[in-house]
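Novice: I have a structure I would like to understand better, so I am pasting it below and will then ask my questions one at a time.
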Amino acid sequence: MTNPLILIIEDEAPLRRFLVPTLSTQGYQVDVASTGAEGLALARSYNPDIILLDLGLPDRDGLEVLRDLRDWSRKPILVISARHQEKDKVGALDLGADDYLTKPFGAAELLARIRVALRHAVLPGRETPVLTFGSLCLDLEKREVAMDTVPVKLTPLEYRLLEALARRAGKVVTHAQLLNDVWGPTGEGQTHYLRIYMGTLRRKIEPDPTRPRYLLTEPSVGYRLNVD
Amino acid sequence: MTLDSSPAPGPIVVALGSDARSLRLVHAGFRVARERGLPWVVAHVDAPGWETPEEADLARVWLQEAQELGAEALWLKGPTVVAGLLALARKRAPSLIVMGVTRARGPWDRLESSRVKEMLGRHLDVRILPIPLDSAPPAALAWRNLGDLAGIAAAVTVILAMAGLFAAALAQVLGFAALPAVFALALAFILHRWGRPVAAAATLASFALHGVLLHRPFLGEPASAWPRSVAFAAAVLGAQGLVDLVGQLRQETRLGRRREAETVLLMLLGRGLARCATARDVAEVLVRRLGSAFQAEAWVLLPAEGDAWDRLPGGDGAPPCAPPSELLPESGAGASREDPLEPFFEAPCSFVPLAGTGGTAGLLQIRPASGGRVPQERWGLLQAFAVQGSLALERIRAMETAHRVRIENETERMRSTLLGAVSHDLRTPLAAIQGAATSLLLPEGALPEASRRDLIVMIREESERLTRLLGNVLDLTRLESGIIRVRKEWQPLDEVVGSTLVRLERQGPVPVRVLMPDDLPPVPLDGGLMEQVLENLLVNARHHAGDGEVLLEAWAEPDSMELAVSDRGPGVRAGFHARVFEKFFRMPGQLRDGGAGLGLAICEAIVKAHGGSIWVEDREGGGARFRISLPQDAPPPLLSEPEPVPPEPVP
């Protein structure tokens with residue numbers, strides 16, 4: 001397999017100056033666009049393996065660019081947003097972005113997110129009935145959960161919640177996506193149910209619920225099942 | 001008069017006249033009703049032929065005023081005032097009737113005070129509270145229809161016949177010289193009572209009667225008609241002069257009464273306007289007062305965007321005519337006219353500019369219910385209304401300007417404090433970063449590898465500090481200006497605590513012990529914001545406690561959720577417990593160690609936005625203990641339902 005191609009759509013020069021060498025030295029091929037239009041054109045021409053998309057672009061709304069990309073591409077998209085753009089962040093994830101990074105961020109965090117996104121992009125093709133995350137084991141066929149091989153008894157709702165997160169392990173799943181997966185259309189806007197069930201789920205799975213290792217909260221956005 | 005002895009006291013009834021002084025009755029009734037804690041009724045009896053339409057209008061104004069004071073207002077019809085009041089007294093069994101009395105000066109003035117006597121004569125089981133009005137005599141009754149005319153003709157005929165008989169009797173004693181005096185007296189009375197046209201007719205009749213009497217043989221030898229007729233004419237003219245004088249006096253009294261009524265109307269307007277806080281309030285008061293004083297529909301036009309007027313009250317109803325182009329805002333709303341306050345008539349409405357010292361604030365538009373224009377004799381009152389209205393509008397504009405200036409000053413002051421404090425805190429890390437970067441760029445080999453790494457670590461740490469500071473400044477500004485809205489959602493507290501700890505641990509180990517019962521009920525809060533509060537408190541505690549353990553506790557009270565973050569640091573010095581929450585506050589004598597003094601201010605802003613409170617106390621055994629109390633006023637949502645559908649419990 002050749003080195004993965006990363007497309008960076010980012011208008012700020014200092015950030016590009018930081019991103020391009022950082023990613024190149026890690027063995028990725030890098031392509032850069034400074035506007036939304038240019039980014040879309042490059043994405044169509046080269047079909048990159050992963051796209052880093054800044055939401056604050058000069059020519060077009062980042063969310064629009066994301067929608068255009070998602071019209072034809074299923075490749076992972078990592079959104080970069082400034083602070084205090086929680087709404088855009090959630091909007092981007094709901095539109096199909098795989099993950100987000102808030103500026104400013106460090107190189108280590110960026111590389112970790114890219115690795116997760118690339119690994120996840122390969123996963124769905126060969127879905128296994130049994131998923132394992134550290135000591136947590138999830139059997140999708142038998143609908144059974146075990147912690148250190150000790151079975152954990154979950155209510156149907158709790159199981160559905162865990163499964164929804166496990167199917168997108170490592171990725172941020174927004175409140176809206178989880179509510180829709182677990183409760184269906186009636187769950188819309190009922191975030192407090194989600195939070196409360198997440199609390200009971202944590203007490204059953206986490207060794208120390210006040211320092212969660214598996215079920216991580218992404219403040220104001222959603223949850224993530226930790227795979228590290 | 002019988003004593004009030006009924007077990008359940010009836011209401012206080014105020015018998016309202018149409019005199020400007022009747023307002024005293026309203027106020028007396030208000031006082032009595034308040035003293036006794038009874039409901040009160042203000043009633044006006046509309047008896048035919050008793051009052052002019054103008055007076056009836058005034059009575060309506062008083063009724064409205066009484067209604068605003070909390071009275072029930074009644075407009076009754078009755079054959080006489082007393083009959084109407086008696087009917088009301090029978091129906092409502094009042095505990096007290098408030099009535100006006102006047103000092104009687106002549107036979108006609110007895111009419112008002114006699115009503116009280118008449119009421120008393122009916123032996124009602126009710127007390128009457130007479131309020132002295134000392135009013136001028138009632139205005140002359142005007143005849144208005146043919147029925148009245150017939151009555152008047154009959155009365156005049158009787159009077160003249162009696163005068164003729166009396167004159168004939170007197171002439172037998174005193175001679176013919178007495179005749180003109182008797183007739184002049186009768187005519188003076190007729191003129192006074194029914195006015196000039198009736199008196200003219202009566203004069204002709206009495207002249208004929210006089211002529212007849214002159215030639216009656218039983219009165220002695222017929223006198224020569226000429227000198228007698230001249231004497232008769234002189235006497236009649238003299239009587240007429242006297243009556244004119246009385247009439248003039250009466251006219252002046254009426255004018256005086258009207259002026260008094262206008263003064264009261266203006267007083268009511270002024271009182272209403274004084275309570276107004278917005279231009280809309282002013283418009284509403286003006287419209288209501290104009291409506292009742294002029295029996296008219298009224299609107300206030302205030303300048304809107306562009307060259308248009310905002311018509312208040314909006315409402316529906318027939319579209320009133322547009323103001324003339326001369327009065328549009330672009331042409332200075334009539335400022336170029338000779339008298340800017342002169343009412344402008346454009347059928348069927350009249351317009352008066354609300355002209356004040358700072359130009360025209362708007363227009364008054366008025367459409368009398370009777371149609372036609374506002375009569376010229378009432379222009380003065382209309383203009384007084386306009387002037388009062390424009391003054392009130394000016395006052396409100398000045399108030400708004402003062403308020404805006406105060407806010408701008410406040411913002412400016414805050415901005416400069418912020419800038420002053422922030423610029424220092426920005427410069428320190430920037431200097432470090434710049435220094436480190438330039439050192440690293442020195443020719444190769446000048447720095448040993450360990451020092452190079454140190455500098456790079458410093459660059460990272462200082463930039464993180466800059467990021468934190470900037471975030472804090474932004475957050476505080478947004479919190480204070482209300483850009484950040486608290487979005488409360490029911491959630492378990494351990495989620496907030498968990499995500500805070502996970503985030504903090506990414507930056508290094510956090511020796512925090514968490515004491516939280518498992519069955520803690522969910523709390524309504526904004527997770528993102530509350531996480532920031534906890535983070536600031538924990539970072540603060542870790543900073544001051546050194547290596548000592550930090551304790552995070554949470555417990556539920558019946559109406560609140562309580563939190564405490566305690567450390568074993570030096571604690572807060574006496575006298576600074578409240579000041580540590582101030583912006584840019586640093587403990588005196590303490591090293592400037594990276595914090596800008598915003599963390600706790602942000603905590604306070606967020607907790608307050610949740611309706612809660614935050615404070616610091618001394619921990620037993622040493623150290624500081626930061627306490628948060630969050631209200632839990634509604635029960636948490638139930639989870640037993642199979643499908644979550646209830647509405648959001650917290651706005």
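If you're wondering about the labels, chains in the structure tokens are A, B, ... by order shown, residues count from 1 in each chain, ligands from 1 in order shown.
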Show me, as a PyMOL selection string, the residues of chain A whose atoms get within 7 Å of chain B, using only C-alpha atoms for the distance check.
Specialist: chain A and resi 186-187+192+195-196+199+209-212+216-217+219-220
Novice: Take the residues that were just selected and, keeping N, CA and C atoms, output them as a tab-separated table (two decimals), in the first residue's frame.
Specialist:
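Saved result, part_25.tsv, follows:
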chain	number	residue	atom	x	y	z
A	186	THR	N	-38.24	9.69	17.91
A	186	THR	CA	-38.83	10.30	19.11
A	186	THR	C	-37.77	10.85	20.04
A	187	GLY	N	-36.53	10.44	19.85
A	187	GLY	CA	-35.48	10.88	20.78
A	187	GLY	C	-34.97	12.26	20.51
A	192	HIS	N	-31.09	14.92	27.67
A	192	HIS	CA	-30.92	14.54	29.07
A	192	HIS	C	-31.09	13.04	29.27
A	195	ARG	N	-27.78	11.53	28.48
A	195	ARG	CA	-26.79	11.75	29.54
A	195	ARG	C	-27.03	10.82	30.72
A	196	ILE	N	-28.29	10.65	31.06
A	196	ILE	CA	-28.59	9.86	32.25
A	196	ILE	C	-28.30	8.38	31.99
A	199	GLY	N	-24.73	7.82	32.12
A	199	GLY	CA	-24.27	7.74	33.51
A	199	GLY	C	-24.41	6.32	34.05
A	209	PRO	N	-15.99	5.61	37.47
A	209	PRO	CA	-16.85	6.43	36.59
A	209	PRO	C	-16.46	7.91	36.58
A	210	THR	N	-15.76	8.39	37.63
A	210	THR	CA	-15.40	9.80	37.60
A	210	THR	C	-14.14	10.03	36.75
A	211	ARG	N	-13.47	8.94	36.37
A	211	ARG	CA	-12.33	9.09	35.45
A	211	ARG	C	-12.52	8.08	34.32
A	212	PRO	N	-13.50	8.32	33.44
A	212	PRO	CA	-13.84	7.32	32.43
A	212	PRO	C	-12.65	6.99	31.51
A	216	LEU	N	-15.88	8.35	26.72
A	216	LEU	CA	-15.41	9.71	26.92
A	216	LEU	C	-16.46	10.73	26.47
A	217	THR	N	-16.54	11.82	27.25
A	217	THR	CA	-17.48	12.90	26.90
A	217	THR	C	-16.76	13.92	26.03
A	219	PRO	N	-17.42	17.53	25.33
A	219	PRO	CA	-18.35	18.54	25.87
A	219	PRO	C	-19.15	19.24	24.77
A	220	SER	N	-20.43	19.33	24.99
A	220	SER	CA	-21.38	20.01	24.10
A	220	SER	C	-21.49	19.37	22.73
Novice: Would you list, as a VMD selection string, the residues of segment 140-198 of chain A that end up in helix (DSSP H, G or I) under DSSP run on this structure's backbone?
Specialist: chain A and resid 156 to 167 175 to 187 191 to 198
Novice: Can you pull out every residue from segment 73-322 of chain B that DSSP, working from the backbone, puts in strand (DSSP E), and format the result as a list of chain:residue names?
Specialist: B:Ala73, B:Leu74, B:Trp75, B:Leu76, B:Lys77, B:Leu96, B:Ile97, B:Val98, B:Met99, B:Gly100, B:Val101, B:Arg127, B:Ile128, B:Leu129, B:Pro130, B:Ile131, B:Pro132, B:Ala296, B:Glu297, B:Ala298, B:Trp299, B:Val300, B:Leu301, B:Leu302, B:Pro303, B:Trp309, B:Asp310, B:Arg311, B:Leu312
Novice: Write a file of the selected residues as a short mmCIF file (atom, residue, chain, number, x, y, z; two decimals), in the first residue's frame, keeping N, CA and C atoms.
Specialist:
data_model
loop_
_atom_site.label_atom_id
_atom_site.label_comp_id
_atom_site.auth_asym_id
_atom_site.auth_seq_id
_atom_site.Cartn_x
_atom_site.Cartn_y
_atom_site.Cartn_z
N ALA B 73 -67.77 52.05 37.68
CA ALA B 73 -68.37 53.27 37.14
C ALA B 73 -69.74 52.95 36.55
N LEU B 74 -70.75 53.76 36.92
CA LEU B 74 -72.10 53.52 36.40
C LEU B 74 -72.63 54.79 35.75
N TRP B 75 -73.26 54.66 34.62
CA TRP B 75 -73.91 55.77 33.92
C TRP B 75 -75.39 55.45 33.92
N LEU B 76 -76.15 56.14 34.79
CA LEU B 76 -77.55 55.80 34.97
C LEU B 76 -78.45 56.80 34.26
N LYS B 77 -79.64 56.34 33.90
CA LYS B 77 -80.66 57.24 33.36
C LYS B 77 -81.79 57.31 34.38
N LEU B 96 -72.88 53.81 52.44
CA LEU B 96 -72.66 55.25 52.52
C LEU B 96 -72.83 55.84 51.12
N ILE B 97 -73.50 57.01 51.07
CA ILE B 97 -73.58 57.70 49.79
C ILE B 97 -72.81 59.01 49.93
N VAL B 98 -71.86 59.23 49.03
CA VAL B 98 -71.09 60.47 49.04
C VAL B 98 -71.74 61.41 48.05
N MET B 99 -72.18 62.61 48.53
CA MET B 99 -72.85 63.56 47.64
C MET B 99 -72.24 64.93 47.82
N GLY B 100 -72.31 65.72 46.78
CA GLY B 100 -71.82 67.09 46.87
C GLY B 100 -72.93 68.03 47.32
N VAL B 101 -72.58 69.02 48.14
CA VAL B 101 -73.55 70.07 48.48
C VAL B 101 -72.92 71.42 48.17
N ARG B 127 -76.45 56.00 55.18
CA ARG B 127 -75.90 57.29 55.61
C ARG B 127 -75.46 58.08 54.40
N ILE B 128 -75.53 59.38 54.55
CA ILE B 128 -75.10 60.24 53.45
C ILE B 128 -73.96 61.10 53.93
N LEU B 129 -72.87 61.10 53.16
CA LEU B 129 -71.72 61.94 53.51
C LEU B 129 -71.73 63.14 52.59
N PRO B 130 -72.14 64.32 53.09
CA PRO B 130 -72.15 65.49 52.20
C PRO B 130 -70.74 66.07 52.08
N ILE B 131 -70.32 66.33 50.87
CA ILE B 131 -69.02 66.95 50.62
C ILE B 131 -69.28 68.36 50.08
N PRO B 132 -68.84 69.41 50.79
CA PRO B 132 -69.11 70.76 50.29
C PRO B 132 -68.34 71.01 48.99
N ALA B 296 -63.05 62.12 21.29
CA ALA B 296 -62.53 61.95 19.94
C ALA B 296 -61.63 60.73 19.90
N GLU B 297 -61.44 60.21 18.70
CA GLU B 297 -60.42 59.20 18.47
C GLU B 297 -59.12 59.96 18.29
N ALA B 298 -58.05 59.45 18.87
CA ALA B 298 -56.79 60.17 18.74
C ALA B 298 -55.66 59.19 18.47
N TRP B 299 -54.62 59.69 17.83
CA TRP B 299 -53.42 58.89 17.56
C TRP B 299 -52.20 59.77 17.82
N VAL B 300 -51.11 59.15 18.12
CA VAL B 300 -49.85 59.87 18.21
C VAL B 300 -48.96 59.33 17.10
N LEU B 301 -48.42 60.24 16.28
CA LEU B 301 -47.54 59.81 15.20
C LEU B 301 -46.11 60.13 15.61
N LEU B 302 -45.28 59.09 15.64
CA LEU B 302 -43.88 59.29 15.98
C LEU B 302 -43.04 58.99 14.75
N PRO B 303 -41.94 59.73 14.56
CA PRO B 303 -41.12 59.51 13.37
C PRO B 303 -40.61 58.07 13.32
N TRP B 309 -44.33 57.96 9.44
CA TRP B 309 -44.73 58.06 10.84
C TRP B 309 -45.14 56.70 11.35
N ASP B 310 -44.85 56.47 12.62
CA ASP B 310 -45.35 55.30 13.32
C ASP B 310 -46.62 55.73 14.00
N ARG B 311 -47.74 55.07 13.68
CA ARG B 311 -49.00 55.51 14.27
C ARG B 311 -49.30 54.68 15.51
N LEU B 312 -49.49 55.35 16.63
CA LEU B 312 -49.80 54.67 17.88
C LEU B 312 -51.16 55.12 18.39
#
Novice: Just the number, please: distance in Å from atom CA of Ala153 of chain B to atom CA of Ser18 of chain B, one decimal.
Specialist: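 Answer for the atom CA of Ala153 of chain B to atom CA of Ser18 of chain B separation: 29.1 Å.
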Novice: Need to verify the contact set: Pro58 of chain A, 12 Å, only C-alpha atoms, exclusion of same-chain residues closer than 5 positions in sequence. Can you return it as a list in words?
Specialist: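 Here the answer would be Ile9, Glu10, Asp11, Glu12, Ala33, Ser34, Thr35, Gly36, Ala37, Glu38 and Val65 of chain A.
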Novice: Write out as an mmCIF file with C-alpha atoms, in the first residue's frame the residues lying within 7 Å of segment 250-265 of chain B, counting only C-alpha atoms and excluding same-chain residues fewer than 3 positions away.
Specialist:
data_model
loop_
_atom_site.group_PDB
_atom_site.id
_atom_site.type_symbol
_atom_site.label_atom_id
_atom_site.label_comp_id
_atom_site.auth_asym_id
_atom_site.auth_seq_id
_atom_site.Cartn_x
_atom_site.Cartn_y
_atom_site.Cartn_z
ATOM 1 C CA ALA B 20 -64.983 70.100 37.655
ATOM 2 C CA VAL B 246 -76.150 89.087 35.180
ATOM 3 C CA GLY B 247 -75.815 87.043 32.012
ATOM 4 C CA LEU B 268 -54.579 64.277 35.013
ATOM 5 C CA LEU B 269 -52.561 64.265 31.791
ATOM 6 C CA LEU B 381 -56.460 72.909 25.546
#
